[in-house]
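Undergrad: Dropping in data.txt, with compact mmCIF, C-alpha atoms.
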# COMPACT_ATOMS: atom_id res chain seq x y z
CA MET A 96 4.03 80.98 114.89
CA THR A 97 6.97 81.01 117.27
CA GLY A 98 10.51 81.74 116.15
CA ALA A 99 11.38 78.05 116.45
CA GLU A 100 8.42 77.10 114.25
CA HIS A 101 9.50 79.67 111.64
CA ARG A 102 13.00 78.20 111.64
CA GLY A 103 11.61 74.68 111.30
CA THR A 104 9.55 75.71 108.28
CA GLN A 105 12.53 77.48 106.71
CA TRP A 106 14.69 74.37 107.11
CA ALA A 107 11.97 72.18 105.55
CA LEU A 108 11.64 74.54 102.57
CA LEU A 109 15.43 74.72 102.25
CA TYR A 110 15.48 70.92 102.03
CA GLY A 111 12.66 71.02 99.49
CA ASN A 112 14.70 73.36 97.30
CA PHE A 113 17.69 71.06 97.78
CA THR A 114 15.59 68.22 96.38
CA ILE A 115 14.31 70.36 93.50
CA GLY A 116 17.86 71.44 92.69
CA CYS A 117 19.03 67.82 92.68
CA GLY A 118 16.25 66.91 90.28
CA VAL A 119 16.72 69.86 87.95
CA MET A 120 20.48 69.22 87.71
CA VAL A 121 20.41 65.41 87.61
CA THR A 122 20.52 65.34 83.81
CA ALA A 123 23.61 67.55 83.65
CA GLY A 124 25.35 65.53 86.37
CA ALA A 125 24.62 62.12 84.81
CA LEU A 126 24.81 63.26 81.19
CA ASN A 127 27.84 61.17 80.25
CA ASP A 128 26.22 57.85 81.15
CA LEU A 129 22.78 58.92 79.94
CA VAL A 130 23.96 59.57 76.38
CA ARG A 131 25.98 56.34 76.36
CA SER A 132 23.11 54.27 77.73
CA LEU A 133 20.41 55.72 75.47
CA GLN A 134 22.77 55.93 72.47
CA VAL A 135 22.22 59.60 71.67
CA SER A 136 24.67 62.46 71.14
CA VAL A 137 25.70 64.93 73.83
CA ALA A 138 23.74 67.64 72.02
CA VAL A 139 20.57 65.52 71.94
CA GLY A 140 21.00 64.51 75.58
CA GLY A 141 21.34 68.16 76.49
CA GLN A 142 17.89 68.80 75.05
CA LEU A 143 16.47 67.02 78.11
CA ILE A 144 17.73 70.04 80.04
CA ALA A 145 16.27 72.48 77.52
CA VAL A 146 12.83 70.83 77.34
CA ALA A 147 12.55 70.60 81.12
CA ALA A 148 13.53 74.26 81.36
CA VAL A 149 10.83 75.28 78.87
CA VAL A 150 8.18 73.37 80.83
CA MET A 151 9.28 75.00 84.08
CA ALA A 152 9.43 78.42 82.44
CA VAL A 153 5.88 78.19 81.14
CA GLY A 154 4.61 76.31 84.17
CA ALA A 155 5.83 78.64 86.92
CA PRO A 156 3.58 81.66 86.14
CA LEU A 157 0.68 79.55 84.90
CA MET A 158 0.71 77.36 87.98
CA ALA A 159 1.06 80.45 90.20
CA ALA A 160 -2.28 81.64 88.83
CA VAL A 161 -3.93 78.22 89.08
CA VAL A 162 -2.83 77.42 92.65
CA ALA A 163 -3.36 80.90 94.11
CA GLY A 164 -5.99 79.88 96.64
CA ILE A 165 -4.53 76.54 97.74
CA ASP A 166 -3.11 76.14 101.25
CA ARG A 167 0.67 76.16 100.86
CA ARG A 168 1.24 73.20 103.19
CA ARG A 169 -0.72 70.95 100.87
CA LEU A 170 0.50 72.56 97.68
CA LEU A 171 4.20 72.30 98.51
CA THR A 172 3.86 68.76 99.87
CA TRP A 173 2.08 67.44 96.79
CA SER A 174 4.41 69.24 94.39
CA LEU A 175 7.30 67.25 95.93
CA VAL A 176 5.29 64.03 95.69
CA TRP A 177 4.68 64.71 91.99
CA PHE A 178 8.36 65.53 91.44
CA GLY A 179 9.47 62.32 93.15
CA ALA A 180 6.98 60.11 91.32
CA GLY A 181 8.04 61.61 87.99
CA HIS A 182 11.71 60.85 88.63
CA ALA A 183 10.92 57.32 89.75
CA LEU A 184 9.03 56.76 86.51
CA SER A 185 11.81 58.43 84.49
CA ALA A 186 14.31 55.91 85.85
CA LEU A 187 12.22 53.11 84.32
CA MET A 188 11.96 54.55 80.81
CA PRO A 189 13.47 52.24 78.16
CA ASN A 190 14.68 54.86 75.67
CA TYR A 191 15.16 58.57 75.02
CA ALA A 192 11.80 59.03 73.27
CA ALA A 193 9.97 57.65 76.29
CA LEU A 194 12.10 59.54 78.81
CA LEU A 195 11.62 62.99 77.29
CA PRO A 196 7.86 63.48 77.98
CA VAL A 197 8.03 61.86 81.42
CA ARG A 198 10.91 64.14 82.38
CA ALA A 199 8.98 67.15 81.07
CA LEU A 200 5.91 66.32 83.16
CA SER A 201 7.90 65.58 86.31
CA VAL A 202 9.46 69.06 86.44
CA LEU A 203 6.05 70.68 86.85
CA GLY A 204 6.67 69.96 90.53
CA ALA A 205 9.71 72.23 90.39
CA ALA A 206 7.69 74.91 88.58
CA VAL A 207 5.36 74.98 91.58
CA PHE A 208 7.64 74.37 94.55
CA THR A 209 10.49 76.86 94.20
CA PRO A 210 8.50 80.06 93.54
CA GLN A 211 5.67 79.16 95.93
CA ALA A 212 8.09 78.29 98.73
CA ALA A 213 9.64 81.75 98.38
CA ALA A 214 6.23 83.42 98.27
CA ALA A 215 5.06 81.45 101.32
CA ILE A 216 8.04 82.26 103.49
CA GLY A 217 7.77 85.88 102.36
CA VAL A 218 4.35 86.23 104.01
CA MET A 219 5.34 84.25 107.11
CA VAL A 220 8.18 86.48 108.33
CA PRO A 221 8.33 90.20 109.15
CA VAL A 222 9.37 92.46 106.28
CA GLU A 223 12.68 93.37 107.93
CA ARG A 224 13.73 89.69 107.82
CA ARG A 225 12.19 88.85 104.44
CA GLY A 226 15.34 89.17 102.34
CA ARG A 227 17.33 86.93 104.67
CA ALA A 228 14.52 84.36 104.95
CA ILE A 229 14.10 84.04 101.17
CA THR A 230 17.83 83.72 100.54
CA PHE A 231 18.06 81.14 103.36
CA VAL A 232 15.39 78.99 101.72
CA PHE A 233 17.28 79.24 98.43
CA LEU A 234 20.40 77.86 100.09
CA GLY A 235 18.91 74.49 99.23
CA TRP A 236 19.78 75.02 95.58
CA SER A 237 23.44 75.65 96.29
CA VAL A 238 23.60 72.74 98.74
CA SER A 239 22.22 70.52 95.97
CA SER A 240 25.19 71.49 93.84
CA VAL A 241 27.57 70.49 96.66
CA LEU A 242 25.99 67.11 97.35
CA GLY A 243 23.62 66.37 94.49
CA MET A 244 25.65 67.26 91.41
CA PRO A 245 28.82 65.35 92.35
CA LEU A 246 26.73 62.44 93.62
CA HIS A 247 24.74 62.33 90.37
CA ALA A 248 27.97 62.44 88.38
CA TYR A 249 29.54 59.65 90.43
CA ILE A 250 26.43 57.47 90.40
CA GLY A 251 25.96 58.03 86.68
CA GLU A 252 29.54 57.07 85.88
CA SER A 253 29.63 54.16 88.34
CA ILE A 254 26.26 52.39 88.22
CA GLY A 255 24.14 54.37 85.76
CA TRP A 256 21.94 57.41 85.31
CA ARG A 257 18.78 55.51 86.30
CA TYR A 258 20.03 55.22 89.87
CA ALA A 259 20.69 58.96 89.97
CA PHE A 260 17.07 59.61 88.98
CA ALA A 261 15.87 57.08 91.56
CA LEU A 262 17.83 58.93 94.25
CA VAL A 263 15.97 62.14 93.38
CA ALA A 264 12.68 60.26 93.81
CA LEU A 265 13.65 59.15 97.32
CA LEU A 266 14.85 62.62 98.30
CA SER A 267 11.60 64.14 97.04
CA LEU A 268 9.38 61.84 99.07
CA ALA A 269 11.42 62.55 102.20
CA GLY A 270 11.05 66.27 101.49
CA ALA A 271 7.29 65.94 101.08
CA LEU A 272 7.02 64.33 104.51
CA TRP A 273 9.20 67.01 106.12
CA VAL A 274 7.26 69.91 104.59
CA TRP A 275 3.96 68.33 105.65
CA ARG A 276 5.17 68.04 109.26
CA ALA A 277 6.85 71.46 109.48
CA MET A 278 4.58 73.74 107.48
CA PRO A 279 1.59 75.23 109.32
CA ASP A 280 -1.93 75.21 107.94
CA GLY A 281 -3.47 78.39 106.59
CA VAL A 282 -0.53 79.95 104.72
CA ARG A 283 -2.08 81.54 101.66
CA PRO A 284 -0.28 84.47 99.98
CA ALA A 285 -2.77 86.98 98.66
CA ALA A 286 -4.36 85.87 95.40
CA LEU A 287 -3.54 88.12 92.48
CA SER A 288 -6.17 89.51 90.15
CA GLY A 289 -5.84 90.00 86.43
CA ALA A 290 -5.12 93.66 87.13
CA HIS A 291 -2.14 92.68 89.30
CA TRP A 292 -0.73 90.48 86.56
CA ARG A 293 -1.18 93.25 83.99
CA GLN A 294 0.62 95.64 86.31
CA VAL A 295 3.55 93.25 86.53
CA PHE A 296 3.77 92.65 82.78
CA THR A 297 3.50 96.35 81.90
CA HIS A 298 5.98 97.65 84.48
CA PRO A 299 9.28 98.26 82.63
CA VAL A 300 11.58 98.19 85.66
CA LEU A 301 10.11 95.04 87.16
CA MET A 302 10.15 93.21 83.83
CA ALA A 303 13.71 94.39 83.19
CA THR A 304 14.72 92.98 86.56
CA VAL A 305 13.08 89.65 85.69
CA ALA A 306 14.89 89.68 82.33
CA VAL A 307 18.22 89.95 84.18
CA THR A 308 17.59 86.45 85.51
CA ALA A 309 16.85 85.07 82.03
CA LEU A 310 19.99 86.60 80.55
CA SER A 311 22.28 85.44 83.34
CA ALA A 312 20.83 81.92 83.27
CA ALA A 313 21.36 81.75 79.50
CA GLY A 314 24.96 82.81 80.05
CA GLN A 315 25.51 80.10 82.62
CA PHE A 316 23.72 77.18 80.96
CA THR A 317 25.36 77.71 77.58
CA LEU A 318 28.38 76.12 79.24
CA PHE A 319 27.17 74.69 82.57
CA SER A 320 24.92 72.14 80.84
CA TYR A 321 28.01 70.56 79.29
CA PHE A 322 30.43 70.66 82.24
CA ALA A 323 30.54 66.85 82.60
CA PRO A 324 31.40 66.06 78.96
CA TYR A 325 33.75 69.06 78.81
CA TYR A 326 35.71 67.88 81.85
CA HIS A 327 35.86 64.36 80.42
CA GLN A 328 36.57 65.05 76.75
CA VAL A 329 38.69 68.21 76.96
CA LEU A 330 40.45 67.93 80.32
CA GLY A 331 40.54 64.12 80.48
CA ALA A 332 38.81 63.94 83.88
CA SER A 333 37.84 60.60 85.39
CA ALA A 334 34.46 59.92 87.00
CA ALA A 335 35.84 60.69 90.45
CA GLU A 336 37.49 63.89 89.23
CA ILE A 337 34.27 65.07 87.58
CA SER A 338 32.46 64.50 90.86
CA LEU A 339 35.11 66.44 92.75
CA MET A 340 34.84 69.34 90.30
CA PHE A 341 31.08 69.49 90.88
CA LEU A 342 31.69 69.21 94.62
CA TRP A 343 34.10 72.15 94.54
CA PHE A 344 31.71 74.23 92.45
CA GLY A 345 28.86 73.52 94.84
CA ALA A 346 30.90 74.14 97.99
CA VAL A 347 31.90 77.60 96.77
CA GLY A 348 28.28 78.16 95.76
CA VAL A 349 27.12 77.45 99.30
CA ILE A 350 29.66 79.92 100.64
CA GLY A 351 28.30 82.53 98.25
CA ASN A 352 24.72 81.93 99.33
CA VAL A 353 25.59 81.92 103.05
CA LEU A 354 27.43 85.23 102.69
CA LEU A 355 24.53 86.66 100.71
CA SER A 356 21.99 85.56 103.31
CA ARG A 357 24.04 87.20 106.03
CA TYR A 358 24.74 90.52 104.32
CA ILE A 359 21.99 91.16 101.76
CA ASP A 360 19.85 93.25 104.10
CA ARG A 361 22.92 95.37 104.82
CA ILE A 362 24.37 95.93 101.35
CA GLY A 363 21.11 95.86 99.38
CA ALA A 364 19.89 93.39 96.78
CA ASP A 365 20.73 95.61 93.77
CA ARG A 366 24.37 95.91 94.76
CA ALA A 367 24.58 92.20 95.58
CA VAL A 368 23.26 91.22 92.15
CA THR A 369 25.78 93.46 90.42
CA GLY A 370 28.72 91.95 92.28
CA LEU A 371 27.58 88.37 91.73
CA LEU A 372 26.97 88.83 87.99
CA ALA A 373 30.44 90.36 87.70
CA CYS A 374 31.93 87.29 89.41
CA MET A 375 30.34 84.97 86.86
CA ALA A 376 31.39 87.17 83.95
CA LEU A 377 34.98 87.00 85.20
CA THR A 378 35.05 83.20 85.01
CA LEU A 379 33.58 83.18 81.50
CA LEU A 380 36.21 85.71 80.44
CA VAL A 381 39.18 83.71 81.74
CA TRP A 382 37.76 80.25 80.91
CA PRO A 383 40.53 79.45 78.36
CA LEU A 384 43.08 79.63 81.20
CA GLY A 385 41.61 76.46 82.71
CA THR A 386 43.82 74.14 80.70
CA SER A 387 44.09 71.55 83.48
CA LEU A 388 41.89 70.44 86.34
CA PRO A 389 43.94 72.31 89.03
CA LEU A 390 43.73 75.52 86.99
CA MET A 391 40.03 74.98 86.33
CA VAL A 392 39.44 74.78 90.08
CA LEU A 393 40.62 78.38 90.30
CA VAL A 394 38.86 79.52 87.14
CA ILE A 395 35.37 78.34 88.16
CA ALA A 396 35.51 79.69 91.73
CA PRO A 397 34.09 83.19 90.95
CA TRP A 398 31.31 81.64 88.87
CA ALA A 399 30.43 79.24 91.67
CA LEU A 400 30.35 82.13 94.14
CA GLY A 401 27.69 83.90 92.09
CA CYS A 402 25.82 81.00 90.49
CA PHE A 403 23.08 80.25 93.02
CA SER A 404 23.40 83.34 95.18
CA SER A 405 22.63 85.63 92.22
CA ASN A 406 19.21 84.06 91.77
CA SER A 407 18.56 84.23 95.51
CA ALA A 408 19.43 87.92 95.39
CA GLN A 409 17.12 88.41 92.42
CA GLN A 410 14.21 86.75 94.28
CA ALA A 411 14.80 88.97 97.29
CA ARG A 412 15.23 92.03 95.07
CA LEU A 413 11.84 91.50 93.42
CA SER A 414 10.03 90.59 96.65
CA LEU A 415 11.31 93.72 98.36
CA ALA A 416 10.65 95.95 95.35
CA ALA A 417 6.95 95.12 95.15
CA PRO A 418 5.69 93.15 98.16
CA ALA A 419 2.08 93.21 96.95
CA LEU A 420 3.14 91.49 93.73
CA ALA A 421 5.70 89.16 95.28
CA SER A 422 4.04 85.85 94.42
CA ALA A 423 3.73 86.82 90.75
CA LEU A 424 7.24 88.24 90.56
CA VAL A 425 8.84 85.24 92.25
CA ALA A 426 7.02 82.90 89.85
CA LEU A 427 8.08 85.02 86.86
CA ASN A 428 11.65 85.12 88.10
CA SER A 429 11.69 81.34 88.35
CA SER A 430 10.21 81.21 84.88
CA ALA A 431 12.91 83.55 83.61
CA MET A 432 15.59 81.34 85.13
CA TYR A 433 14.23 78.35 83.26
CA VAL A 434 13.84 80.32 80.01
CA GLY A 435 17.51 81.18 80.31
CA GLN A 436 18.41 77.57 80.99
CA ALA A 437 16.52 76.49 77.86
CA LEU A 438 18.19 79.17 75.72
CA GLY A 439 21.62 78.33 77.06
CA ALA A 440 21.29 74.54 76.86
CA THR A 441 19.80 74.67 73.35
CA SER A 442 22.30 77.12 71.89
CA GLY A 443 25.18 75.39 73.67
CA GLY A 444 24.11 72.00 72.36
CA ALA A 445 23.87 73.32 68.82
CA MET A 446 27.39 74.75 69.05
CA VAL A 447 28.81 71.54 70.54
CA ALA A 448 27.27 69.57 67.68
CA GLN A 449 28.64 71.92 65.01
CA VAL A 450 31.98 73.26 66.25
CA GLY A 451 32.69 71.71 69.66
CA PHE A 452 33.14 73.31 73.07
CA GLY A 453 35.43 76.16 71.97
CA PRO A 454 33.03 79.13 71.63
CA LEU A 455 30.68 78.29 74.51
CA HIS A 456 32.28 80.58 77.09
CA TRP A 457 32.34 83.57 74.72
CA VAL A 458 28.63 83.24 74.00
CA GLY A 459 27.99 82.82 77.72
CA LEU A 460 30.00 85.98 78.43
CA VAL A 461 27.89 88.02 76.00
CA TRP A 462 24.70 86.90 77.76
CA MET A 463 26.21 87.73 81.14
CA LEU A 464 27.36 91.22 80.14
CA LEU A 465 23.87 91.95 78.82
CA ALA A 466 22.46 90.84 82.18
CA LEU A 467 24.90 93.09 84.03
CA ALA A 468 24.06 96.13 81.88
CA LEU A 469 20.31 95.62 82.25
CA SER A 470 20.62 95.12 86.00
CA GLN A 471 22.49 98.39 86.32
CA TRP A 472 19.85 100.19 84.27
CA ALA A 473 17.04 98.82 86.45
CA ALA A 474 18.86 99.78 89.64
CA ARG A 475 19.38 103.34 88.38
CA ARG A 476 15.70 103.63 87.45
CA VAL A 477 14.67 102.47 90.92
CA ALA A 478 17.00 105.01 92.53
CA ARG A 479 15.87 107.82 90.23
CA ASP A 480 12.16 107.19 90.56
CA LYS A 481 12.29 106.20 94.23
CA LEU A 482 10.30 103.12 93.17
CA LEU A 483 9.87 100.66 96.00
CA ALA A 484 6.42 99.14 95.71
CA PRO A 485 4.46 99.74 92.54
CA ALA A 486 1.35 97.99 93.80
CA HIS A 487 -0.41 98.15 97.12
CA GLY A 488 -3.82 96.79 96.38
Here is the file; what I need is its structure written in the form of C-alpha cells.

TA:
Amino acid sequence: MTGAEHRGTQWALLYGNFTIGCGVMVTAGALNDLVRSLQVSVAVGGQLIAVAAVVMAVGAPLMAAVVAGIDRRRLLTWSLVWFGAGHALSALMPNYAALLPVRALSVLGAAVFTPQAAAAIGVMVPVERRGRAITFVFLGWSVSSVLGMPLHAYIGESIGWRYAFALVALLSLAGALWVWRAMPDGVRPAALSGAHWRQVFTHPVLMATVAVTALSAAGQFTLFSYFAPYYHQVLGASAAEISLMFLWFGAVGVIGNVLLSRYIDRIGADRAVTGLLACMALTLLVWPLGTSLPLMVLVIAPWALGCFSSNSAQQARLSLAAPALASALVALNSSAMYVGQALGATSGGAMVAQVGFGPLHWVGLVWMLLALALSQWAARRVARDKLLAPAHG
C-alpha cells in the first residue's frame, strides 16, 4: 500500500471508532430522557451501561479468537453494520425490558471493531510508526465525546433518546461503507494458537498492564456514567448547558489524544500512561470544588485530557511490548476497559440509589490510584527485566 492508502485506511478506522464511541456513550448522554421516557430510576437506567460493558468485556477476547482468520475488510465492515442495525432496533423498543437485550446484542459490534481495528492497523504500518498509527485510530473515541456526547445529550433532552439511538445507526452504516471502500483486501493479523493465549494469561506483567485499564475505567465510570443527571440535579444545568459540558470534556479529550499521538513515540507509552492517569486522579480529588458550572469546567479539564488518551496509550503500550501477541492483548485491553465500565457503572448506580452522588468521586479516586500504582509496578518490571516482546512465535 502507498502512504496515501495507509492514511485513507487510518481515517476510515478513526471514523469507525468515532461511531463506536458514539454508540457506547449514547446511553450516558441521553440518560435523563431515557429514564423519564421508560419510567425507570437513574440507577436502573445506568445498568444499560453496565450490561453493555459486560457483553463487550466478554465478547472482545472471545470474538478475537472466533474471527482470527477473517479478512479484516469484511470483518470491520460487517461489525459496523451489526452495530448500526442494533441501534436502529433499539430505538424502536417499547420499554426497558425489551431495550436491554437488544442493546446488549448490538454492542457485540463494538467488541469486534475497536480491538480488531487496532490490530489491523498494527500489521499494516512499519513498527516505528505503530504507536502513532494506533493512537491516531483511537482519536475517533475522543472525537465522539466532542461531537457525539453533547449531541446525544441535546437530542435526548430536546426530542428524545430514540432519536439519539437512530443517529448512531446512521453513523454506523456510513462508517461501514467508508471502511469497505478504504480498507484493502488481505489484511489478516496472525492467528493466535492456544499456546499464545496461555502465554498472555500467564504473563504477570502483561496481565498487570491490562488490569491497569480495568482499574482506570472503573474509576472513571463510577462517576462518568452519571454526569448528565449530576449536572442537572446537583448543578442545575439545562439541556443546552449539559451539552456544552460534554462538548468541553470532549474537546479537551481530543487535545489530549492529538498530543499523545504526536509525542508517544518520543516520551514512551509507560511514561504517557502515568501522566494521564495522574491527570484523571487530580480531577477526582478536587471534584468537590466544582460547585458551579464555570468551576466544573476547570475541574474536569485534567480528567478530559487523560480520559481517551490513556486508553490509546495503553493499546500502544501493549502492542509495542509484545508485537507477536498484539491482537490478543488489544482485545483483552478492550475487554478490560469494558469490565471497568461495568464495575464503575454498577457500583456508581448502587451508591446513587442509596446515598446520592456524594461519594462517587472518592470511590473513583481509589480505583484510579490503584491503577496508577499497578502501572508503575509494571513499568518497573519491564525496565528491570528488559522485557520487550515475550513471544516471537

Undergrad: Could you tell me which of A:Pro454, A:Gly255, A:Pro383, A:Gly345 comes closest to Ser442 of chain A if we count only C-alpha atoms?

TA: A:Pro454

Undergrad: So that I can check the surroundings of Tyr433 of chain A, please list as JSON, numbers by chain every protein, DNA and RNA residue that reaches within 12 Å of it, counting only C-alpha atoms and ignoring chain neighbours fewer than 5 positions away.

TA: {"A": [119, 120, 144, 145, 146, 147, 148, 149, 150, 151, 152, 153, 154, 155, 156, 202, 203, 205, 206, 209, 210, 305, 306, 308, 309, 310, 311, 312, 313, 315, 316, 406, 426, 427, 428, 438, 439, 440, 441]}

Undergrad: Of the residues A:Gln211, A:Ser174, A:Ser240, A:Thr304, which is the one nearest to Val477 of chain A, using only C-alpha atoms?

TA: A:Thr304

Undergrad: State, in Å with one decimal place, the distance from atom CA of Gly124 of chain A to atom CA of Ala199 of chain A.

TA: 17.3 Å

Undergrad: At what distance in Å, to one decimal, does atom CA of Val130 of chain A lie from atom CA of Thr378 of chain A?

TA: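 Atom CA of Thr378 of chain A sits 27.5 Å away from atom CA of Val130 of chain A.
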
Undergrad: With all atoms listed in the file as the basis for distance, which of A:Ile229, A:Leu424, A:Ala180, A:Leu200 is at the shortest distance from Ala159 of chain A?

TA: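 Nearest to Ala159 of chain A: A:Leu424.
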
Undergrad: Of the candidates A:Arg283, A:His298, A:Arg357, A:Arg366, which shows the shortest atom-to-atom distance to Asp166 of chain A, using all atoms listed in the file?

TA: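 Comparing A:Arg283, A:His298, A:Arg357, A:Arg366 against Asp166 of chain A, the winner is A:Arg283.
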
Undergrad: Between atom CA of Val162 of chain A and atom CA of Leu415 of chain A, what distance in Å does the model show, to one decimal?

TA: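 Calculated distance between atom CA of Val162 of chain A and atom CA of Leu415 of chain A is 22.3 Å.
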
Undergrad: Which of these residues is nearest to Val394 of chain A, using all atoms listed in the file: A:Ala160, A:Phe344, A:Tyr358, A:Trp462?

TA: A:Phe344

Undergrad: Might you pull out every residue within 12 Å of Leu355 of chain A, with only C-alpha atoms counted and same-chain residues fewer than 5 positions away left off, and present them as a VMD selection string?

TA: chain A and resid 226 to 234 237 348 to 350 360 to 368 370 to 371 400 to 409 411

Undergrad: Can you pull out the residues contacting Arg475 of chain A? Cut-off 12 Å, using all atoms listed in the file, and skip same-chain residues under 6 positions away; I want them as a PyMOL selection string.

TA: chain A and resi 300+303-304+365-366+369+468-469+481-482

Undergrad: Ranking A:Leu318, A:Leu460, A:Ala163, A:Ile115 by minimum distance to Met244 of chain A and counting only C-alpha atoms, which one comes first?

TA: A:Ile115

Undergrad: Neighbourhood query: residues within 10 Å of (4.6, 68.4, 102.3), file coordinates, counting only C-alpha atoms; return as a ChimeraX atom specification.

TA: /A:107-108,111,167-176,267-278

Undergrad: Output segment 406-419 of chain A with N, CA and C atoms present, as an mmCIF file, keeping the file's coordinate frame.

TA:
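out11.cif, freshly written:
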data_model
loop_
_atom_site.group_PDB
_atom_site.id
_atom_site.type_symbol
_atom_site.label_atom_id
_atom_site.label_comp_id
_atom_site.auth_asym_id
_atom_site.auth_seq_id
_atom_site.Cartn_x
_atom_site.Cartn_y
_atom_site.Cartn_z
ATOM 1 N N ASN A 406 20.651 84.246 91.900
ATOM 2 C CA ASN A 406 19.210 84.060 91.770
ATOM 3 C C ASN A 406 18.502 84.310 93.101
ATOM 4 N N SER A 407 19.135 83.914 94.207
ATOM 5 C CA SER A 407 18.560 84.230 95.510
ATOM 6 C C SER A 407 18.428 85.737 95.695
ATOM 7 N N ALA A 408 19.467 86.463 95.272
ATOM 8 C CA ALA A 408 19.430 87.920 95.390
ATOM 9 C C ALA A 408 18.353 88.517 94.498
ATOM 10 N N GLN A 409 18.170 87.948 93.323
ATOM 11 C CA GLN A 409 17.120 88.410 92.420
ATOM 12 C C GLN A 409 15.732 88.186 93.023
ATOM 13 N N GLN A 410 15.499 87.019 93.646
ATOM 14 C CA GLN A 410 14.210 86.750 94.280
ATOM 15 C C GLN A 410 13.947 87.756 95.396
ATOM 16 N N ALA A 411 14.963 87.997 96.211
ATOM 17 C CA ALA A 411 14.800 88.970 97.290
ATOM 18 C C ALA A 411 14.603 90.372 96.728
ATOM 19 N N ARG A 412 15.327 90.713 95.693
ATOM 20 C CA ARG A 412 15.230 92.030 95.070
ATOM 21 C C ARG A 412 13.808 92.312 94.593
ATOM 22 N N LEU A 413 13.194 91.331 93.935
ATOM 23 C CA LEU A 413 11.840 91.500 93.420
ATOM 24 C C LEU A 413 10.816 91.508 94.547
ATOM 25 N N SER A 414 10.976 90.644 95.539
ATOM 26 C CA SER A 414 10.030 90.590 96.650
ATOM 27 C C SER A 414 10.025 91.883 97.451
ATOM 28 N N LEU A 415 11.198 92.476 97.598
ATOM 29 C CA LEU A 415 11.310 93.720 98.360
ATOM 30 C C LEU A 415 10.855 94.917 97.517
ATOM 31 N N ALA A 416 11.019 94.823 96.203
ATOM 32 C CA ALA A 416 10.650 95.950 95.350
ATOM 33 C C ALA A 416 9.145 96.142 95.292
ATOM 34 N N ALA A 417 8.404 95.035 95.272
ATOM 35 C CA ALA A 417 6.950 95.120 95.150
ATOM 36 C C ALA A 417 6.302 94.025 95.979
ATOM 37 N N PRO A 418 6.217 94.210 97.288
ATOM 38 C CA PRO A 418 5.690 93.150 98.160
ATOM 39 C C PRO A 418 4.290 92.689 97.773
ATOM 40 N N ALA A 419 3.442 93.593 97.300
ATOM 41 C CA ALA A 419 2.080 93.210 96.950
ATOM 42 C C ALA A 419 2.025 92.305 95.733
#
